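Trainee: Compact mmCIF, C-alpha atoms, file structure32.txt:
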```txt
# COMPACT_ATOMS: atom_id res chain seq x y z
CA MET J 190 2.40 13.93 6.66
CA SER J 191 1.91 10.34 7.75
CA PRO J 192 -1.79 9.59 8.27
CA ASP J 193 -1.61 6.87 10.92
CA GLY J 194 0.57 4.56 8.97
CA CYS J 195 4.05 3.79 7.79
CA ALA J 196 6.22 3.20 4.76
CA ILE J 197 8.24 0.23 3.54
CA VAL J 198 11.13 0.50 1.11
CA THR J 199 12.39 -2.83 -0.21
CA GLY J 200 16.09 -3.29 -0.85
CA ALA J 201 16.79 -0.17 1.17
CA ALA J 202 20.19 -0.88 2.72
CA ARG J 203 21.94 1.24 0.09
CA GLY J 204 21.62 3.09 -3.18
CA ILE J 205 18.28 4.39 -4.42
CA GLY J 206 16.39 2.45 -1.74
CA ALA J 207 18.40 3.99 1.08
CA ALA J 208 18.03 7.47 -0.36
CA SER J 209 14.26 6.92 -0.72
CA ALA J 210 14.01 5.76 2.91
CA ARG J 211 15.77 8.96 4.03
CA THR J 212 13.45 11.10 1.93
CA LEU J 213 10.32 9.44 3.28
CA ALA J 214 11.57 9.73 6.86
CA GLU J 215 12.21 13.43 6.31
CA ALA J 216 8.60 13.73 5.12
CA GLY J 217 7.45 12.30 8.45
CA TRP J 218 6.93 8.63 7.65
CA SER J 219 7.98 5.79 9.92
CA VAL J 220 10.06 3.78 7.51
CA GLY J 221 10.71 0.06 7.34
CA ILE J 222 14.13 -0.38 5.79
CA ASN J 223 13.82 -3.80 4.22
CA TYR J 224 17.01 -5.66 3.34
CA ARG J 225 17.99 -9.19 2.40
CA ALA J 226 21.63 -9.55 3.46
CA ASP J 227 23.19 -6.18 4.29
CA SER J 228 22.08 -5.91 7.90
CA GLU J 229 24.97 -3.59 8.69
CA GLY J 230 23.96 -1.11 5.99
CA ALA J 231 20.28 -1.25 6.93
CA SER J 232 20.94 -0.82 10.65
CA ALA J 233 23.35 2.06 10.04
CA LEU J 234 20.73 3.79 7.92
CA ALA J 235 18.02 3.25 10.55
CA ASP J 236 20.35 4.72 13.21
CA GLU J 237 21.16 7.68 10.99
CA ILE J 238 17.46 8.41 10.41
CA VAL J 239 16.62 8.09 14.11
CA GLN J 240 19.50 10.36 15.08
CA ALA J 241 18.21 12.93 12.61
CA GLY J 242 14.87 12.88 14.46
CA GLY J 243 13.03 10.48 12.19
CA GLU J 244 11.56 7.02 12.72
CA ALA J 245 13.02 3.98 11.01
CA VAL J 246 13.64 0.33 11.62
CA ALA J 247 15.66 -2.23 9.67
CA VAL J 248 13.52 -5.23 8.69
CA GLN J 249 15.12 -8.32 7.20
CA GLY J 250 13.24 -10.27 4.55
CA ASP J 251 14.02 -11.69 1.12
CA VAL J 252 11.38 -10.20 -1.17
CA ARG J 253 11.43 -13.32 -3.34
CA ASP J 254 9.89 -15.24 -0.45
CA PRO J 255 6.14 -14.49 -0.10
CA ASP J 256 6.14 -15.49 3.57
CA ALA J 257 9.04 -13.15 4.27
CA VAL J 258 7.22 -10.28 2.57
CA ASP J 259 4.15 -10.98 4.66
CA ALA J 260 6.27 -11.02 7.82
CA VAL J 261 7.85 -7.66 6.93
CA PHE J 262 4.39 -6.13 6.48
CA ALA J 263 3.04 -7.75 9.66
CA ARG J 264 5.95 -6.43 11.71
CA MET J 265 5.48 -2.88 10.43
CA GLU J 266 1.69 -3.02 10.84
CA ARG J 267 2.01 -4.25 14.41
CA ASP J 268 4.37 -1.46 15.47
CA HIS J 269 3.50 1.42 13.16
CA GLY J 270 0.02 0.90 11.72
CA PRO J 271 -0.98 0.14 8.13
CA VAL J 272 1.63 0.39 5.41
CA LEU J 273 0.45 3.35 3.35
CA VAL J 274 3.59 3.84 1.28
CA LEU J 275 5.36 1.00 -0.49
CA VAL J 276 8.49 1.55 -2.55
CA ASN J 277 9.34 -1.54 -4.58
CA ASN J 278 13.02 -0.96 -5.05
CA ALA J 279 14.73 -4.31 -4.48
CA GLY J 280 16.45 -5.29 -7.68
CA ILE J 281 19.32 -7.26 -9.11
CA ARG J 282 20.97 -7.66 -12.48
CA ALA J 283 22.55 -10.68 -14.07
CA ASP J 284 23.67 -9.57 -17.50
CA GLY J 285 24.45 -11.58 -20.58
CA LEU J 286 23.59 -11.68 -24.25
CA ALA J 287 20.24 -13.35 -24.79
CA ALA J 288 21.80 -16.13 -26.85
CA GLN J 289 23.75 -17.19 -23.79
CA LEU J 290 21.59 -16.07 -20.89
CA GLY J 291 21.03 -18.96 -18.50
CA ASP J 292 17.64 -19.95 -17.12
CA ASP J 293 18.76 -19.16 -13.59
CA ASP J 294 19.78 -15.63 -14.53
CA TRP J 295 16.49 -15.10 -16.32
CA ASP J 296 14.38 -16.52 -13.51
CA GLU J 297 16.18 -14.77 -10.67
CA VAL J 298 15.93 -11.34 -12.25
CA ILE J 299 12.24 -11.76 -13.06
CA ALA J 300 11.57 -13.14 -9.57
CA THR J 301 13.32 -10.31 -7.77
CA ASN J 302 12.61 -7.33 -9.99
CA LEU J 303 9.05 -8.14 -11.07
CA SER J 304 7.28 -10.97 -9.22
CA ALA J 305 8.42 -9.78 -5.80
CA ALA J 306 7.16 -6.27 -6.52
CA PHE J 307 3.79 -7.69 -7.53
CA ARG J 308 3.46 -9.74 -4.35
CA ALA J 309 4.43 -6.84 -2.11
CA THR J 310 1.96 -4.62 -3.95
CA ARG J 311 -0.81 -7.19 -3.60
CA ARG J 312 -0.09 -7.45 0.12
CA ALA J 313 -0.15 -3.67 0.48
CA LEU J 314 -3.36 -2.87 -1.37
CA GLY J 315 -6.04 -4.12 1.05
CA PRO J 316 -5.09 -1.84 3.93
CA MET J 317 -4.48 1.05 1.51
CA LEU J 318 -7.96 0.64 0.04
CA ARG J 319 -9.44 0.62 3.51
CA ALA J 320 -7.46 3.71 4.49
CA ARG J 321 -8.60 5.48 1.30
CA PHE J 322 -4.96 6.46 0.91
CA GLY J 323 -1.97 4.63 -0.47
CA ARG J 324 1.15 5.20 -2.48
CA VAL J 325 2.97 2.48 -4.36
CA VAL J 326 6.13 3.58 -6.12
CA ASN J 327 7.86 1.04 -8.32
CA ILE J 328 11.49 1.61 -9.18
CA ALA J 329 11.65 0.70 -12.85
CA SER J 330 14.34 1.76 -15.30
CA ILE J 331 14.76 3.37 -18.67
CA VAL J 332 15.95 -0.11 -19.64
CA GLY J 333 12.74 -1.84 -20.56
CA PRO J 334 11.05 0.95 -22.46
CA ARG J 335 14.49 1.24 -24.14
CA ALA J 336 16.81 -1.50 -25.29
CA ASN J 337 20.07 -2.31 -23.57
CA ALA J 338 22.12 -5.12 -25.04
CA GLY J 339 22.98 -7.71 -22.44
CA GLN J 340 19.93 -7.07 -20.27
CA ALA J 341 17.04 -8.98 -21.83
CA ASN J 342 16.03 -10.29 -18.40
CA TYR J 343 16.34 -6.93 -16.66
CA ALA J 344 14.54 -5.13 -19.51
CA ALA J 345 11.69 -7.65 -19.46
CA ALA J 346 11.30 -7.29 -15.69
CA LYS J 347 11.37 -3.50 -15.73
CA ALA J 348 9.01 -3.21 -18.71
CA GLY J 349 6.74 -5.63 -16.88
CA LEU J 350 6.91 -3.47 -13.80
CA ILE J 351 5.76 -0.44 -15.79
CA GLY J 352 2.88 -2.45 -17.28
CA MET J 353 1.87 -3.66 -13.85
CA THR J 354 2.05 -0.12 -12.50
CA LYS J 355 -0.44 1.17 -15.05
CA THR J 356 -2.97 -1.61 -14.62
CA VAL J 357 -2.94 -1.70 -10.82
CA ALA J 358 -3.24 2.09 -10.82
CA VAL J 359 -6.52 2.03 -12.72
CA GLU J 360 -7.87 -0.74 -10.51
CA VAL J 361 -7.44 1.21 -7.27
CA ALA J 362 -7.48 4.86 -8.28
CA ARG J 363 -10.99 5.57 -7.05
CA ARG J 364 -9.94 4.75 -3.48
CA GLY J 365 -7.25 7.40 -3.22
CA VAL J 366 -4.49 4.92 -3.94
CA THR J 367 -1.85 5.76 -6.52
CA VAL J 368 0.60 3.42 -8.20
CA ASN J 369 3.42 5.01 -10.13
CA ALA J 370 6.86 4.15 -11.39
CA VAL J 371 10.15 5.97 -11.45
CA ALA J 372 12.47 5.09 -14.31
CA PRO J 373 16.06 6.02 -13.52
CA GLY J 374 18.71 6.20 -16.17
CA PHE J 375 22.36 5.89 -15.24
CA VAL J 376 22.55 6.39 -11.48
CA GLU J 377 25.68 5.79 -9.45
CA THR J 378 24.94 2.81 -7.22
CA ARG J 379 26.44 -0.60 -6.63
CA LEU J 380 24.10 -1.96 -9.29
CA THR J 381 25.80 0.15 -11.94
CA ASP J 382 29.36 -0.62 -10.83
CA GLY J 383 31.41 -1.84 -13.74
CA ILE J 384 29.32 -0.10 -16.38
CA GLY J 385 31.67 1.93 -18.56
CA LYS J 386 31.88 5.61 -17.69
CA GLU J 387 32.27 6.32 -21.42
CA ALA J 388 28.49 5.85 -21.53
CA LEU J 389 28.12 9.20 -19.75
CA GLY J 390 28.94 11.05 -22.97
CA ALA J 391 25.59 9.98 -24.40
CA ILE J 392 23.66 11.56 -21.53
CA PRO J 393 22.58 15.15 -22.24
CA ALA J 394 23.36 16.10 -18.60
CA ARG J 395 26.89 14.68 -19.14
CA ARG J 396 26.88 13.04 -15.74
CA ALA J 397 25.43 10.14 -13.83
CA GLY J 398 22.48 10.75 -11.55
CA ALA J 399 22.69 10.54 -7.77
CA PRO J 400 20.43 8.21 -5.78
CA GLU J 401 19.07 11.31 -4.00
CA GLU J 402 17.82 12.67 -7.32
CA VAL J 403 15.73 9.55 -7.82
CA ALA J 404 14.62 9.59 -4.18
CA ALA J 405 13.32 13.14 -4.60
CA CYS J 406 10.94 11.84 -7.27
CA VAL J 407 9.90 8.95 -5.04
CA GLY J 408 9.21 11.47 -2.29
CA PHE J 409 7.03 13.51 -4.60
CA LEU J 410 5.02 10.51 -5.81
CA ALA J 411 4.50 9.43 -2.20
CA SER J 412 3.28 12.86 -1.17
CA GLU J 413 -0.23 14.21 -0.77
CA GLY J 414 0.53 16.61 -3.60
CA ALA J 415 0.86 13.78 -6.10
CA ALA J 416 -2.67 12.52 -5.46
CA TYR J 417 -3.72 13.03 -9.08
CA VAL J 418 -0.63 11.40 -10.59
CA ASN J 419 -1.55 7.77 -11.21
CA GLY J 420 -0.19 5.05 -13.45
CA ALA J 421 2.63 7.33 -14.53
CA THR J 422 6.27 6.60 -15.11
CA LEU J 423 8.54 9.44 -14.12
CA VAL J 424 11.76 9.26 -16.10
CA VAL J 425 14.86 10.43 -14.23
CA ASP J 426 17.72 10.09 -16.68
CA GLY J 427 19.39 13.43 -17.30
CA GLY J 428 17.58 13.71 -20.63
CA LEU J 429 18.90 10.44 -22.06
CA SER J 430 15.58 9.20 -23.38
CA ALA J 431 14.14 12.60 -24.28
CA MET O 112 -6.43 -8.55 18.14
CA THR O 113 -9.16 -10.24 16.17
CA ARG O 114 -12.54 -11.16 17.61
CA GLU O 115 -14.63 -14.31 17.71
CA ALA O 116 -16.53 -15.00 14.51
CA THR O 117 -20.12 -15.85 15.37
CA ASN O 118 -23.01 -15.55 12.99
CA GLU O 119 -24.05 -12.32 14.69
CA SER O 120 -20.60 -10.73 14.94
CA VAL O 121 -19.75 -11.56 11.32
CA GLN O 122 -23.11 -10.24 10.11
CA LYS O 123 -22.54 -6.96 11.94
CA VAL O 124 -19.03 -6.53 10.52
CA ILE O 125 -20.16 -7.39 6.99
CA PHE O 126 -23.16 -5.05 7.20
CA ASP O 127 -20.98 -2.24 8.55
CA GLY O 128 -18.37 -3.05 5.92
CA LEU O 129 -20.91 -2.87 3.13
CA GLU O 130 -21.94 0.53 4.39
CA GLU O 131 -18.27 1.55 4.52
CA VAL O 132 -17.82 0.67 0.84
CA GLY O 133 -20.89 2.68 -0.12
CA ALA O 134 -23.91 0.35 -0.05
CA GLU O 135 -27.22 1.95 0.86
CA PRO O 136 -27.84 1.04 4.56
CA ALA O 137 -31.59 0.46 4.06
CA GLU O 138 -30.90 -2.10 1.33
CA ILE O 139 -28.38 -4.20 3.26
CA THR O 140 -29.91 -7.55 4.23
CA ARG O 141 -28.61 -11.10 4.45
CA THR O 142 -30.23 -12.09 1.20
CA ALA O 143 -29.29 -9.00 -0.80
CA SER O 144 -26.99 -9.61 -3.74
CA PHE O 145 -23.86 -7.57 -4.36
CA GLU O 146 -25.35 -6.53 -7.65
CA GLU O 147 -28.47 -5.16 -5.95
CA LEU O 148 -26.28 -3.31 -3.47
CA ASP O 149 -24.17 -1.90 -6.29
CA VAL O 150 -21.10 -3.47 -4.69
CA ASP O 151 -18.40 -4.04 -7.31
CA SER O 152 -15.27 -6.21 -7.37
CA LEU O 153 -13.06 -3.57 -5.73
CA ASP O 154 -15.64 -3.16 -2.95
CA VAL O 155 -15.51 -6.92 -2.39
CA VAL O 156 -11.71 -6.73 -2.10
CA GLU O 157 -12.12 -4.07 0.55
CA LEU O 158 -14.75 -6.16 2.32
CA ALA O 159 -12.28 -9.06 2.41
CA GLN O 160 -9.73 -6.74 4.01
CA ILE O 161 -12.27 -5.68 6.64
CA VAL O 162 -13.00 -9.34 7.42
CA GLU O 163 -9.29 -10.06 7.73
CA ASP O 164 -8.73 -7.08 10.03
CA GLU O 165 -11.64 -8.02 12.26
CA PHE O 166 -11.52 -11.82 12.34
CA GLY O 167 -8.07 -12.74 11.02
CA VAL O 168 -9.72 -14.74 8.22
CA ARG O 169 -7.97 -14.21 4.90
CA LEU O 170 -10.27 -14.48 1.88
CA GLU O 171 -8.39 -14.94 -1.39
CA GLY O 172 -9.73 -14.15 -4.84
CA GLU O 173 -10.55 -17.82 -5.38
CA ASP O 174 -12.67 -17.88 -2.22
CA MET O 175 -14.74 -14.92 -3.30
CA LYS O 176 -15.42 -16.17 -6.82
CA GLY O 177 -19.01 -17.27 -7.23
CA LEU O 178 -20.22 -15.48 -4.09
CA GLU O 179 -23.15 -13.33 -5.06
CA ARG O 180 -25.12 -12.73 -1.89
CA VAL O 181 -24.30 -11.26 1.51
CA ASP O 182 -25.24 -14.42 3.46
CA GLN O 183 -22.82 -16.49 1.39
CA VAL O 184 -19.95 -14.33 2.57
CA ILE O 185 -21.15 -14.44 6.18
CA ASP O 186 -21.37 -18.25 6.06
CA LEU O 187 -17.91 -18.53 4.50
CA VAL O 188 -16.30 -16.36 7.17
CA VAL O 189 -18.01 -18.21 10.01
CA ALA O 190 -16.93 -21.54 8.50
CA ARG O 191 -13.33 -20.37 8.09
CA ALA O 192 -12.89 -18.80 11.49
```
Give the structure from the file, written as structure tokens.
Mentor:
Amino acid sequence: MSPDGCAIVTGAARGIGAASARTLAEAGWSVGINYRADSEGASALADEIVQAGGEAVAVQGDVRDPDAVDAVFARMERDHGPVLVLVNNAGIRADGLAAQLGDDDWDEVIATNLSAAFRATRRALGPMLRARFGRVVNIASIVGPRANAGQANYAAAKAGLIGMTKTVAVEVARRGVTVNAVAPGFVETRLTDGIGKEALGAIPARRAGAPEEVAACVGFLASEGAAYVNGATLVVDGGLSA
Amino acid sequence: MTREATNESVQKVIFDGLEEVGAEPAEITRTASFEELDVDSLDVVELAQIVEDEFGVRLEGEDMKGLERVDQVIDLVVARA
């Protein structure tokens, strides 16, 4: 199902973003695989999707730059119609105890994980309202609603993302637009490299999640079937925060 | 492609747009207020999107603040185009 429009996944060259792009392509969406630096990864993913019979294109653009975000949207709109699905996935971490966390590490994480998602959402909403259909899925985290020492910046950004999700959802709900969040727990991606595997013992599922397991939830929230799910945060953490 | 923004073309797009967001066609005039037309803030956002799609004129939140009547929006779009 892709009603005369397309999808954009930010930070989609690898990890949860890449898996989400695959899932949306399988559901019939033309997908813009946005990336900042990993052009090789993004192009390989676009090729893979096209070879599997889907439609995808790698689109460079640093989400922290409002003009770049606008250009990514304009490119997709020109070639594939209005952007009706937006997955705000681009994210970084720069960990450190709050007492020693530098301004740059604070600012960069907020800029990438929260402010960029807001700007992309703002850019997406007009055409979605007009289409009377839209799906924004924000990739949050269980860190934010829950504490995680060493991630005050990341937690603030992700909690902010969940707050933004709820408020934007109620603003646009009556036009068939939904805004939801997915909150992954420990998922094996490059972002979680270096986090001790001993942490897995605390997860009821006794394993890390796979990016595809998060992408499946993104696919659901982007689907027609999730039309009445709005402002929600879907936790995908193997039971960790249950 | 966007079209030329004349008084007439902008009025037509705005009138059609108001109908699209749910205003009663018989009540849409140049001097009607958004309040009279039961057009709320989200409708105005959609109207701004329609204007952008048709004329390539981007109306930000700041621009729309203080606009209460249909002709004020038409004049703004014509001036900006």
Trainee: Give me, as a PyMOL selection string, the residues of chain O touching chain J, with the criterion being at most 8 Å (counting all atoms listed in the file).
Mentor: chain O and resi 153+156-157+160-161
Trainee: Around the point (22.2, 8.6, -14.4) in the file's coordinates, collect all residues with an atom within 10 Å, using only C-alpha atoms, and return them as a ChimeraX atom specification.
Mentor: /J:373-378,381,388-389,392,394-400,402-403,425-429
Trainee: Please return, as a ChimeraX atom specification, all polymer residues that have at least one atom within 10 Å of the point (3.1, 6.6, -4.9); use only C-alpha atoms and the file's own coordinate frame.
Mentor: /J:273-276,322-327,358,366-371,406-413,415-416,418-421
Trainee: Might you pull out every residue within 9 Å of Asn277 (chain J), with all atoms listed in the file counted and same-chain residues fewer than 6 positions away left off, and present them as a list in words?
Mentor: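 The neighbour list is Ile197, Val198, Thr199, Gly200, Gly206, Asn302, Ala305, Ala306, Phe307, Ala309, Thr310, Val325, Val326, Asn327, Ile328 and Ala329 of chain J.
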Trainee: Can you tell me, as a list in words, what residues are no more than 8 Å from Val188 (chain O) when counting all atoms listed in the file, ignoring any on the same chain fewer than 4 positions away?
Mentor: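 Skipping anything fewer than 4 positions along the chain leaves Ala116, Val121, Val162, Val168, Val184 and Ala192 of chain O.
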Trainee: Would you compute the distance between CA of Arg335 (chain J) and CA of Gly291 (chain J)? Give it in Å to one decimal.
Mentor: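 Interatomic distance, CA of Arg335 (chain J) to CA of Gly291 (chain J): 22.0 Å.
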Trainee: Report, in Å with one decimal, the straight-line distance from CA of Ser219 (chain J) to CA of Pro255 (chain J).
Mentor: 22.7 Å
Trainee: Calculate how many Å separate CA of Gly204 (chain J) from CA of Arg379 (chain J), rounding to one decimal.
Mentor: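 Separation between CA of Gly204 (chain J) and CA of Arg379 (chain J): 7.0 Å.
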Trainee: From the list J:Ala287, J:Ala208, J:Ala235, J:Ala313, which residue is nearest Asp259 (chain J) when using only C-alpha atoms?
Mentor: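 With only C-alpha atoms as the atom set, the closest residue is J:Ala313.
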Trainee: Which residue is closest to Glu171 (chain O)? Choose from J:Arg311, J:Gly390, J:Glu401, J:Gly349 and count all atoms listed in the file.
Mentor: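 Selected residue with least distance to Glu171 (chain O): J:Arg311.
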Trainee: Which is closer to Asp182 (chain O) than all the others in O:Ala159, O:Ala143, O:Val150, O:Val132, using all atoms listed in the file?
Mentor: O:Ala143
Trainee: For region 340-342 of chain J, list every protein, DNA or RNA residue within 12 Å, evaluated using only C-alpha atoms, and leave out those in the same chain fewer than 5 positions away; present the list as a tab-separated table (two decimals) with C-alpha atoms, in the frame of the given file.
Mentor:
```tsv
chain	number	residue	atom	x	y	z
J	280	GLY	CA	16.45	-5.29	-7.68
J	281	ILE	CA	19.32	-7.26	-9.11
J	282	ARG	CA	20.97	-7.66	-12.48
J	283	ALA	CA	22.55	-10.68	-14.07
J	284	ASP	CA	23.67	-9.57	-17.50
J	285	GLY	CA	24.45	-11.58	-20.58
J	286	LEU	CA	23.59	-11.68	-24.25
J	287	ALA	CA	20.24	-13.35	-24.79
J	288	ALA	CA	21.80	-16.13	-26.85
J	289	GLN	CA	23.75	-17.19	-23.79
J	290	LEU	CA	21.59	-16.07	-20.89
J	291	GLY	CA	21.03	-18.96	-18.50
J	292	ASP	CA	17.64	-19.95	-17.12
J	293	ASP	CA	18.76	-19.16	-13.59
J	294	ASP	CA	19.78	-15.63	-14.53
J	295	TRP	CA	16.49	-15.10	-16.32
J	296	ASP	CA	14.38	-16.52	-13.51
J	297	GLU	CA	16.18	-14.77	-10.67
J	298	VAL	CA	15.93	-11.34	-12.25
J	299	ILE	CA	12.24	-11.76	-13.06
J	300	ALA	CA	11.57	-13.14	-9.57
J	301	THR	CA	13.32	-10.31	-7.77
J	302	ASN	CA	12.61	-7.33	-9.99
J	303	LEU	CA	9.05	-8.14	-11.07
J	330	SER	CA	14.34	1.76	-15.30
J	331	ILE	CA	14.76	3.37	-18.67
J	332	VAL	CA	15.95	-0.11	-19.64
J	333	GLY	CA	12.74	-1.84	-20.56
J	334	PRO	CA	11.05	0.95	-22.46
J	335	ARG	CA	14.49	1.24	-24.14
J	347	LYS	CA	11.37	-3.50	-15.73
J	348	ALA	CA	9.01	-3.21	-18.71
J	349	GLY	CA	6.74	-5.63	-16.88
```
